[in-house]
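Source file run-v6.txt; content: compact mmCIF, C-alpha atoms.
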# COMPACT_ATOMS: atom_id res chain seq x y z
CA MET O 1140 -142.19 -160.76 -35.93
CA ALA O 1141 -140.42 -161.94 -39.02
CA PHE O 1142 -140.52 -165.64 -39.80
CA ARG O 1143 -137.00 -167.05 -39.44
CA SER O 1144 -136.48 -170.03 -41.69
CA ALA O 1145 -133.47 -171.75 -43.19
CA VAL O 1146 -133.02 -173.79 -46.36
CA ILE O 1147 -130.09 -176.18 -46.36
CA THR O 1148 -128.03 -176.73 -49.51
CA PHE O 1149 -125.88 -179.81 -50.05
CA PRO O 1150 -123.70 -180.43 -53.09
CA GLY O 1151 -126.28 -181.75 -55.55
CA SER O 1152 -129.37 -180.18 -53.98
CA ASN O 1153 -131.55 -178.80 -56.76
CA CYS O 1154 -134.83 -177.82 -55.10
CA ASP O 1155 -133.29 -175.44 -52.58
CA ARG O 1156 -134.15 -172.34 -54.60
CA ASP O 1157 -137.76 -173.47 -55.17
CA MET O 1158 -138.05 -174.14 -51.45
CA ALA O 1159 -136.66 -170.69 -50.61
CA VAL O 1160 -139.06 -169.01 -53.06
CA ALA O 1161 -142.03 -170.86 -51.58
CA LEU O 1162 -141.05 -169.96 -48.01
CA GLU O 1163 -140.56 -166.31 -48.92
CA LYS O 1164 -143.85 -166.14 -50.81
CA VAL O 1165 -145.85 -167.64 -47.99
CA SER O 1166 -144.09 -166.06 -45.01
CA GLY O 1167 -143.06 -162.72 -46.50
CA THR O 1168 -139.47 -163.18 -45.35
CA ALA O 1169 -136.60 -164.69 -47.32
CA PRO O 1170 -135.08 -167.70 -45.58
CA PHE O 1171 -131.44 -167.99 -44.60
CA ARG O 1172 -129.51 -170.11 -47.07
CA VAL O 1173 -127.25 -172.52 -45.20
CA TRP O 1174 -124.41 -174.54 -46.75
CA HIS O 1175 -123.99 -178.16 -45.59
CA GLY O 1176 -120.45 -177.51 -44.38
CA GLU O 1177 -121.60 -175.06 -41.74
CA ALA O 1178 -121.51 -176.44 -38.23
CA GLU O 1179 -124.17 -174.08 -36.88
CA LEU O 1180 -127.58 -172.84 -37.92
CA PRO O 1181 -128.72 -169.22 -37.61
CA GLU O 1182 -130.16 -168.53 -34.15
CA LYS O 1183 -133.81 -168.76 -33.15
CA LEU O 1184 -135.11 -170.48 -36.26
CA ASP O 1185 -138.84 -171.02 -36.72
CA PHE O 1186 -138.45 -173.52 -39.53
CA ILE O 1187 -135.77 -175.62 -41.26
CA ALA O 1188 -136.21 -177.03 -44.76
CA VAL O 1189 -134.08 -179.88 -46.12
CA PRO O 1190 -134.77 -179.68 -49.86
CA GLY O 1191 -134.87 -182.16 -52.70
CA GLY O 1192 -132.18 -183.02 -55.20
CA PHE O 1193 -129.43 -185.56 -55.47
CA SER O 1194 -127.10 -184.67 -52.64
CA TYR O 1195 -123.62 -186.11 -53.21
CA GLY O 1196 -124.91 -187.72 -56.40
CA ASP O 1197 -126.87 -190.24 -54.30
CA TYR O 1198 -123.54 -191.96 -53.59
CA LEU O 1199 -123.75 -195.05 -51.37
CA ARG O 1200 -127.48 -194.53 -50.66
CA SER O 1201 -129.74 -191.55 -51.33
CA GLY O 1202 -129.25 -189.08 -48.49
CA ALA O 1203 -126.54 -191.15 -46.76
CA MET O 1204 -123.70 -188.69 -47.25
CA ALA O 1205 -125.75 -185.58 -46.54
CA ALA O 1206 -127.08 -187.13 -43.34
CA ARG O 1207 -123.51 -187.25 -42.05
CA SER O 1208 -122.50 -183.71 -43.06
CA PRO O 1209 -121.58 -181.09 -40.44
CA ILE O 1210 -124.86 -179.16 -40.58
CA MET O 1211 -126.90 -182.28 -39.79
CA SER O 1212 -125.69 -182.40 -36.19
CA ALA O 1213 -127.07 -178.89 -35.75
CA ILE O 1214 -130.34 -179.86 -37.43
CA VAL O 1215 -130.75 -182.93 -35.20
CA LYS O 1216 -130.12 -180.76 -32.17
CA ALA O 1217 -132.65 -178.15 -33.35
CA ALA O 1218 -135.24 -180.84 -34.12
CA ASP O 1219 -134.76 -182.33 -30.65
CA ALA O 1220 -135.37 -178.84 -29.24
CA GLY O 1221 -138.68 -178.67 -31.12
CA VAL O 1222 -137.82 -176.57 -34.17
CA PRO O 1223 -140.02 -177.63 -37.11
CA VAL O 1224 -138.06 -179.48 -39.80
CA LEU O 1225 -139.46 -180.27 -43.25
CA GLY O 1226 -137.60 -182.71 -45.50
CA VAL O 1227 -138.82 -183.03 -49.07
CA CYS O 1228 -137.83 -185.82 -51.45
CA ASN O 1229 -134.05 -186.12 -51.03
CA GLY O 1230 -134.64 -184.18 -47.80
CA PHE O 1231 -136.92 -187.01 -46.60
CA GLN O 1232 -134.17 -189.50 -47.47
CA VAL O 1233 -131.69 -187.39 -45.51
CA LEU O 1234 -134.01 -187.31 -42.48
CA THR O 1235 -134.41 -191.11 -42.45
CA GLU O 1236 -130.67 -191.63 -42.94
CA SER O 1237 -129.97 -189.26 -40.05
CA GLY O 1238 -132.35 -191.13 -37.77
CA LEU O 1239 -134.74 -188.18 -37.31
CA LEU O 1240 -137.41 -190.30 -38.96
CA PRO O 1241 -137.74 -194.11 -38.86
CA GLY O 1242 -137.51 -196.44 -41.84
CA ALA O 1243 -135.76 -196.07 -45.17
CA LEU O 1244 -136.54 -194.99 -48.72
CA MET O 1245 -135.66 -197.66 -51.23
CA ARG O 1246 -135.61 -197.85 -55.02
CA ASN O 1247 -139.16 -197.58 -56.42
CA ALA O 1248 -140.69 -201.04 -56.61
CA LYS O 1249 -140.85 -201.00 -60.42
CA GLN O 1250 -137.34 -199.52 -60.70
CA ASP O 1251 -138.80 -196.52 -62.50
CA PHE O 1252 -138.26 -192.81 -61.95
CA VAL O 1253 -141.70 -191.35 -61.28
CA CYS O 1254 -142.27 -187.75 -62.29
CA ARG O 1255 -145.86 -186.57 -62.28
CA THR O 1256 -148.50 -184.91 -60.13
CA VAL O 1257 -150.12 -187.44 -57.81
CA PRO O 1258 -153.16 -187.39 -55.53
CA LEU O 1259 -152.42 -187.59 -51.80
CA ARG O 1260 -154.81 -188.16 -48.94
CA VAL O 1261 -154.30 -186.00 -45.87
CA GLU O 1262 -154.29 -188.55 -43.05
CA ASN O 1263 -153.41 -186.32 -40.11
CA ASN O 1264 -154.43 -182.67 -40.14
CA GLN O 1265 -153.46 -182.10 -36.51
CA SER O 1266 -149.80 -181.42 -37.16
CA LEU O 1267 -148.21 -178.01 -37.53
CA PHE O 1268 -147.58 -178.79 -41.19
CA THR O 1269 -151.05 -180.07 -42.06
CA GLY O 1270 -153.43 -177.95 -39.98
CA GLY O 1271 -154.53 -176.07 -43.09
CA TYR O 1272 -155.99 -179.19 -44.69
CA GLU O 1273 -159.12 -181.21 -43.96
CA ALA O 1274 -158.61 -184.74 -42.68
CA GLY O 1275 -159.22 -187.11 -45.59
CA GLU O 1276 -158.88 -184.31 -48.14
CA ILE O 1277 -157.33 -185.27 -51.48
CA ILE O 1278 -154.62 -182.87 -52.63
CA HIS O 1279 -152.46 -182.93 -55.75
CA ILE O 1280 -148.72 -182.51 -55.42
CA PRO O 1281 -145.91 -183.35 -57.86
CA VAL O 1282 -143.46 -186.17 -57.24
CA ALA O 1283 -140.11 -186.68 -58.97
CA HIS O 1284 -138.03 -189.48 -57.52
CA HIS O 1285 -136.35 -192.81 -58.04
CA ASP O 1286 -135.98 -193.80 -54.39
CA GLY O 1287 -139.32 -193.10 -52.76
CA ASN O 1288 -140.37 -196.60 -51.80
CA TYR O 1289 -140.88 -196.26 -48.06
CA PHE O 1290 -139.87 -199.26 -45.98
CA ALA O 1291 -140.13 -200.03 -42.29
CA ASP O 1292 -140.79 -203.38 -40.62
CA GLU O 1293 -144.35 -204.31 -39.70
CA ASP O 1294 -143.93 -203.52 -35.99
CA ALA O 1295 -142.58 -200.07 -36.79
CA LEU O 1296 -145.37 -199.49 -39.30
CA ASP O 1297 -147.99 -200.46 -36.72
CA ARG O 1298 -146.49 -198.03 -34.22
CA ILE O 1299 -146.29 -195.23 -36.77
CA GLU O 1300 -149.85 -195.80 -37.83
CA GLY O 1301 -151.15 -196.21 -34.28
CA ASP O 1302 -149.57 -192.93 -33.27
CA GLY O 1303 -151.15 -191.08 -36.18
CA ARG O 1304 -147.80 -190.21 -37.67
CA ILE O 1305 -148.74 -190.76 -41.29
CA ALA O 1306 -149.32 -187.21 -42.57
CA PHE O 1307 -149.99 -188.11 -46.22
CA ARG O 1308 -150.73 -191.30 -48.11
CA TYR O 1309 -150.62 -191.84 -51.85
CA ALA O 1310 -154.22 -192.13 -53.02
CA ASP O 1311 -152.98 -194.27 -55.95
CA ALA O 1312 -149.97 -196.57 -55.94
CA VAL O 1313 -146.86 -194.58 -56.91
CA ASN O 1314 -143.66 -196.33 -55.84
CA GLY O 1315 -144.42 -199.41 -53.74
CA SER O 1316 -144.29 -197.61 -50.37
CA ARG O 1317 -145.41 -199.67 -47.41
CA ARG O 1318 -148.95 -198.64 -46.46
CA ASP O 1319 -148.77 -196.00 -49.21
CA ILE O 1320 -146.81 -193.68 -46.94
CA ALA O 1321 -146.02 -190.41 -48.72
CA GLY O 1322 -145.38 -188.20 -45.71
CA LEU O 1323 -144.31 -189.15 -42.19
CA LEU O 1324 -144.10 -187.24 -38.88
CA ASN O 1325 -141.70 -187.87 -36.02
CA ALA O 1326 -143.04 -188.83 -32.59
CA THR O 1327 -143.27 -185.22 -31.41
CA GLY O 1328 -144.81 -183.96 -34.65
CA ASN O 1329 -142.22 -181.28 -35.41
CA VAL O 1330 -140.40 -183.20 -38.15
CA LEU O 1331 -142.12 -184.06 -41.43
CA GLY O 1332 -140.54 -186.00 -44.28
CA MET O 1333 -142.38 -186.37 -47.56
CA MET O 1334 -141.50 -187.47 -51.09
CA PRO O 1335 -143.96 -185.15 -52.91
CA HIS O 1336 -142.86 -181.55 -53.49
CA PRO O 1337 -145.20 -179.00 -51.88
CA GLU O 1338 -142.85 -176.19 -52.95
CA ARG O 1339 -143.70 -177.06 -56.55
CA ALA O 1340 -147.39 -176.38 -55.95
CA VAL O 1341 -147.65 -172.85 -54.57
CA GLU O 1342 -148.47 -170.81 -57.69
CA GLN O 1343 -151.17 -171.11 -60.34
CA THR O 1344 -148.44 -171.34 -62.96
CA HIS O 1345 -147.20 -174.51 -61.23
CA GLY O 1346 -150.47 -176.12 -62.27
CA GLY O 1347 -151.85 -176.15 -58.75
CA THR O 1348 -151.52 -174.54 -55.33
CA ASP O 1349 -152.24 -177.45 -53.00
CA GLY O 1350 -148.81 -177.08 -51.40
CA TRP O 1351 -149.49 -173.56 -50.17
CA ALA O 1352 -151.49 -174.66 -47.12
CA LEU O 1353 -148.59 -176.75 -45.83
CA PHE O 1354 -146.27 -173.75 -45.62
CA GLU O 1355 -149.09 -171.49 -44.45
CA SER O 1356 -149.94 -173.92 -41.63
CA ALA O 1357 -146.36 -173.84 -40.42
CA VAL O 1358 -145.98 -170.07 -40.80
CA LYS O 1359 -149.28 -169.14 -39.15
CA GLY O 1360 -148.96 -171.69 -36.42
CA LEU O 1361 -145.62 -170.32 -35.44
CA VAL O 1362 -146.55 -166.68 -35.69
CA ARG O 1363 -149.54 -167.36 -33.46
CA ALA O 1364 -147.44 -169.17 -30.85
CA MET M 1227 -104.67 -204.53 -46.20
CA LYS M 1228 -107.75 -204.92 -48.34
CA VAL M 1229 -111.06 -205.41 -46.60
CA HIS M 1230 -114.22 -206.28 -48.48
CA ILE M 1231 -117.52 -205.09 -47.06
CA HIS M 1232 -120.42 -207.03 -48.55
CA VAL M 1233 -123.69 -205.14 -48.18
CA SER M 1234 -126.94 -206.91 -48.99
CA LEU M 1235 -130.63 -206.33 -48.41
CA LYS M 1236 -132.08 -208.13 -45.41
CA PRO M 1237 -134.20 -211.19 -46.13
CA GLY M 1238 -137.80 -210.09 -46.49
CA VAL M 1239 -136.91 -206.69 -47.94
CA LEU M 1240 -138.06 -206.57 -51.54
CA ASP M 1241 -135.06 -206.46 -53.84
CA SER M 1242 -136.57 -204.93 -56.96
CA GLN M 1243 -133.18 -204.71 -58.65
CA GLY M 1244 -132.50 -208.39 -58.05
CA ARG M 1245 -135.93 -209.22 -59.39
CA ALA M 1246 -135.35 -207.21 -62.55
CA ILE M 1247 -131.99 -208.93 -63.09
CA HIS M 1248 -133.61 -212.32 -62.55
CA HIS M 1249 -136.29 -211.52 -65.09
CA LYS M 1250 -133.69 -210.36 -67.61
CA LEU M 1251 -131.63 -213.54 -67.18
CA GLU M 1252 -134.76 -215.55 -67.92
CA THR M 1253 -135.54 -213.55 -71.03
CA LEU M 1254 -131.97 -214.18 -72.19
CA GLY M 1255 -132.73 -217.88 -71.97
CA PHE M 1256 -130.82 -218.84 -68.82
CA ASP M 1257 -132.79 -221.56 -67.03
CA GLY M 1258 -132.43 -222.81 -63.50
CA VAL M 1259 -131.91 -219.47 -61.74
CA ASN M 1260 -134.07 -219.67 -58.63
CA ASP M 1261 -133.52 -216.20 -57.22
CA VAL M 1262 -131.30 -213.16 -57.58
CA ARG M 1263 -130.32 -210.76 -54.82
CA ALA M 1264 -128.25 -207.71 -55.73
CA GLY M 1265 -125.95 -206.14 -53.19
CA LYS M 1266 -122.80 -204.10 -53.22
CA LEU M 1267 -119.16 -204.60 -52.52
CA ILE M 1268 -117.18 -201.85 -50.86
CA GLU M 1269 -113.43 -202.38 -50.85
CA LEU M 1270 -111.41 -200.64 -48.16
CA ASP M 1271 -107.66 -200.39 -48.03
CA VAL M 1272 -106.83 -200.02 -44.35
CA GLU M 1273 -103.87 -200.08 -42.04
CA ASP M 1274 -103.38 -203.42 -40.30
CA SER M 1275 -103.98 -201.62 -37.03
CA VAL M 1276 -107.63 -200.98 -37.88
CA THR M 1277 -109.59 -203.27 -35.58
CA ASP M 1278 -112.59 -205.45 -36.30
CA GLU M 1279 -114.53 -203.24 -33.91
CA ALA M 1280 -113.65 -200.15 -35.94
CA LEU M 1281 -114.68 -201.87 -39.18
CA ASP M 1282 -117.93 -202.91 -37.57
CA GLU M 1283 -118.58 -199.34 -36.50
CA MET M 1284 -117.86 -198.06 -40.03
CA CYS M 1285 -120.52 -200.42 -41.34
CA ARG M 1286 -123.09 -199.44 -38.74
CA LYS M 1287 -122.45 -195.70 -38.98
CA LEU M 1288 -122.24 -195.32 -42.73
CA LEU M 1289 -121.60 -198.23 -45.05
CA ALA M 1290 -124.84 -200.12 -44.37
CA ASN M 1291 -128.30 -198.88 -43.49
CA MET M 1292 -129.27 -201.19 -40.66
CA VAL M 1293 -133.00 -200.68 -41.33
CA ILE M 1294 -132.81 -202.54 -44.64
CA GLU M 1295 -129.32 -203.97 -45.06
CA ASN M 1296 -126.99 -206.59 -43.63
CA TYR M 1297 -123.23 -206.46 -43.98
CA ARG M 1298 -120.36 -208.92 -43.86
CA ILE M 1299 -116.75 -207.95 -43.28
CA GLU M 1300 -114.05 -209.95 -45.03
CA ARG M 1301 -110.35 -209.27 -44.48
CA MET M 1302 -108.64 -210.23 -47.73
CA GLU M 1303 -105.13 -210.84 -46.35
CA PRO M 1304 -103.97 -211.93 -42.92
CA SER M 1305 -102.77 -208.95 -40.95
CA LYS M 1306 -98.99 -208.75 -40.45
CA GLU M 1307 -99.39 -208.89 -36.67
CA ASN M 1308 -101.15 -212.24 -36.82
CA ALA M 1309 -99.09 -213.68 -39.65
What does this structure look like when you write it as structure tokens?
Amino acid sequence: MAFRSAVITFPGSNCDRDMAVALEKVSGTAPFRVWHGEAELPEKLDFIAVPGGFSYGDYLRSGAMAARSPIMSAIVKAADAGVPVLGVCNGFQVLTESGLLPGALMRNAKQDFVCRTVPLRVENNQSLFTGGYEAGEIIHIPVAHHDGNYFADEDALDRIEGDGRIAFRYADAVNGSRRDIAGLLNATGNVLGMMPHPERAVEQTHGGTDGWALFESAVKGLVRA
Amino acid sequence: MKVHIHVSLKPGVLDSQGRAIHHKLETLGFDGVNDVRAGKLIELDVEDSVTDEALDEMCRKLLANMVIENYRIERMEPSKENA
């Protein structure tokens, strides 16, 4: 059965094509490309990707406008129904702004734009996105962001941590994120937001392929189900 | 009428922009600045009929992110109804 995925494009998205290429490479099937103004998603999706970029020029707050675009209502509904949703970089910001994930992504603590490959520690390898990694494994994935400084209050952080919802942590300090959170799952484990770009690490020519297992985990897990 | 929405980071949330501004003021030789917090001002031009409740909802739904920000609504002119 073909893998049915969708990549959302907002005005200002710029990683949507990379995301689509990665999904096609790993799953063998090209994803649907969905414009933000659509009110509905294609039927029976196995996977939704909210890509990186600078949707709406980061007006008001990064991800704030995109989170209130027509397609987001459909994405929230799909996520509530259990469809896997991956938000990368600006996609992570969109998912927090939409309320699918808790907390907020603020300006990097040193006000700098960070753009380099960083080591991440896989904290939870029990999710459908991270099953292809070893717990505690260090992987290398590129980041490129200005607003990646994850914030939630201490009570929320304790709950997130207690529930094992931290998928990835920065192994070295990158942007001031509370508890070094680089990737965060929702309570039911079918929504993952992360600042690093796994779609930029799926070919040897990217300089590394540590992102491959994330997509493969999701694709295989779903095909098996 | 004009309405000013003042959006600021909640106390306890690190304001790295404010800190950078503070540092720059010091390097420019301005003494006596104890702290700097940077926020934003959003000016709305609304019909007088727009209620405080509606303005409040605008802030909660879009203009402020309640996880990290506070907001204050300031009507700049008395509404005609109440004048």
ask   = Which residue, O:Val1313, O:Cys1154, O:Ile1187, O:Ala1357, has the smallest gap to Asn1247 (chain O) when you use all atoms listed in the file?
value = O:Val1313
Using all atoms listed in the file, find each residue in chain O having at least one atom no more than 8 Å away from chain M; report its shortest atom-to-atom pair and that distance in Å (one decimal), rows by chain then rising number, as CSV.
residue,atom,partner,partner_atom,distance
O:Leu1199,CA,M:Leu1289,CA,7.4
O:Ala1203,CA,M:Leu1288,CA,7.2
O:Glu1236,CA,M:Asn1291,CA,7.6
O:Gly1242,CA,M:Val1293,CA,6.2
O:Ala1243,CA,M:Val1293,CA,6.6
O:Arg1246,CA,M:Ser1242,CA,7.4
O:Asn1247,CA,M:Ser1242,CA,7.8
O:Ala1248,CA,M:Ser1242,CA,5.7
O:Lys1249,CA,M:Ser1242,CA,6.8
O:Gln1250,CA,M:Ser1242,CA,6.6
O:Phe1290,CA,M:Ile1294,CA,7.9
O:Ala1291,CA,M:Val1293,CA,7.2
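Residues in contact range of Cys1254 (chain O), defined as at most 12 Å between all atoms listed in the file, with sequence neighbours fewer than 5 positions away removed, read Cys1228, Asn1247, Ile1280, Pro1281, Val1282, Ala1283, His1284, His1285, Asp1286, Gly1287, Val1313, Asn1314, Met1334, Pro1335 and His1336 of chain O.
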Keeping C-alpha atoms, export the residues of the selection given above as a PDB file, keeping the file's coordinate frame.
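Here's the written file out34.pdb:
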ATOM      1  CA  CYS O1228    -137.830-185.820 -51.450  1.00  0.00           C
ATOM      2  CA  ASN O1247    -139.160-197.580 -56.420  1.00  0.00           C
ATOM      3  CA  ILE O1280    -148.720-182.510 -55.420  1.00  0.00           C
ATOM      4  CA  PRO O1281    -145.910-183.350 -57.860  1.00  0.00           C
ATOM      5  CA  VAL O1282    -143.460-186.170 -57.240  1.00  0.00           C
ATOM      6  CA  ALA O1283    -140.110-186.680 -58.970  1.00  0.00           C
ATOM      7  CA  HIS O1284    -138.030-189.480 -57.520  1.00  0.00           C
ATOM      8  CA  HIS O1285    -136.350-192.810 -58.040  1.00  0.00           C
ATOM      9  CA  ASP O1286    -135.980-193.800 -54.390  1.00  0.00           C
ATOM     10  CA  GLY O1287    -139.320-193.100 -52.760  1.00  0.00           C
ATOM     11  CA  VAL O1313    -146.860-194.580 -56.910  1.00  0.00           C
ATOM     12  CA  ASN O1314    -143.660-196.330 -55.840  1.00  0.00           C
ATOM     13  CA  MET O1334    -141.500-187.470 -51.090  1.00  0.00           C
ATOM     14  CA  PRO O1335    -143.960-185.150 -52.910  1.00  0.00           C
ATOM     15  CA  HIS O1336    -142.860-181.550 -53.490  1.00  0.00           C
TER      16      HIS O1336
END
ask   = Asp1271 (chain M): which residues within 7 Å, counting all atoms listed in the file, same-chain residues fewer than 5 positions away excluded, as a VMD selection string?
value = chain M and resid 1227 to 1229
Please put the answer as AutoDock Vina command-line options: centre and edge lengths, in Å with one decimal, of a box along x, y and z that encloses all listed atoms of region 1177-1183 of chain O plus 5 Å on each side.
--center_x -127.7 --center_y -172.5 --center_z -37.4 --size_x 22.3 --size_y 17.9 --size_z 18.6
request  = Could you jot down the CA of Ile1278 (chain O) to CA of Ala1310 (chain O) separation for me, Å, one decimal place?
outcome  = 9.3 Å
task = Have a look at CA of Asp1311 (chain O) and CA of Asp1349 (chain O) and let me know their distance in Å, one decimal.
result =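 Result for CA of Asp1311 (chain O) versus CA of Asp1349 (chain O): 17.1 Å, one decimal.
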message = One number please: CA of Gly1221 (chain O) to CA of Asn1325 (chain O), in Å, one decimal.
response =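 CA of Asn1325 (chain O) lies 10.9 Å from CA of Gly1221 (chain O).
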ask   = If you count only C-alpha atoms, which residues fall within 12 Å of Val1222 (chain O), apart from same-chain ones fewer than 3 positions away, as a list in words?
value =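 So the residues in contact are Arg1143, Ser1144, Ala1145, Leu1180, Glu1182, Lys1183, Leu1184, Asp1185, Phe1186, Ile1187, Ala1188, Ala1213, Ile1214, Val1215, Lys1216, Ala1217, Ala1218, Asp1219, Leu1225, Leu1267, Thr1327, Gly1328, Asn1329, Val1330, Leu1331, Ala1357 and Leu1361 of chain O.
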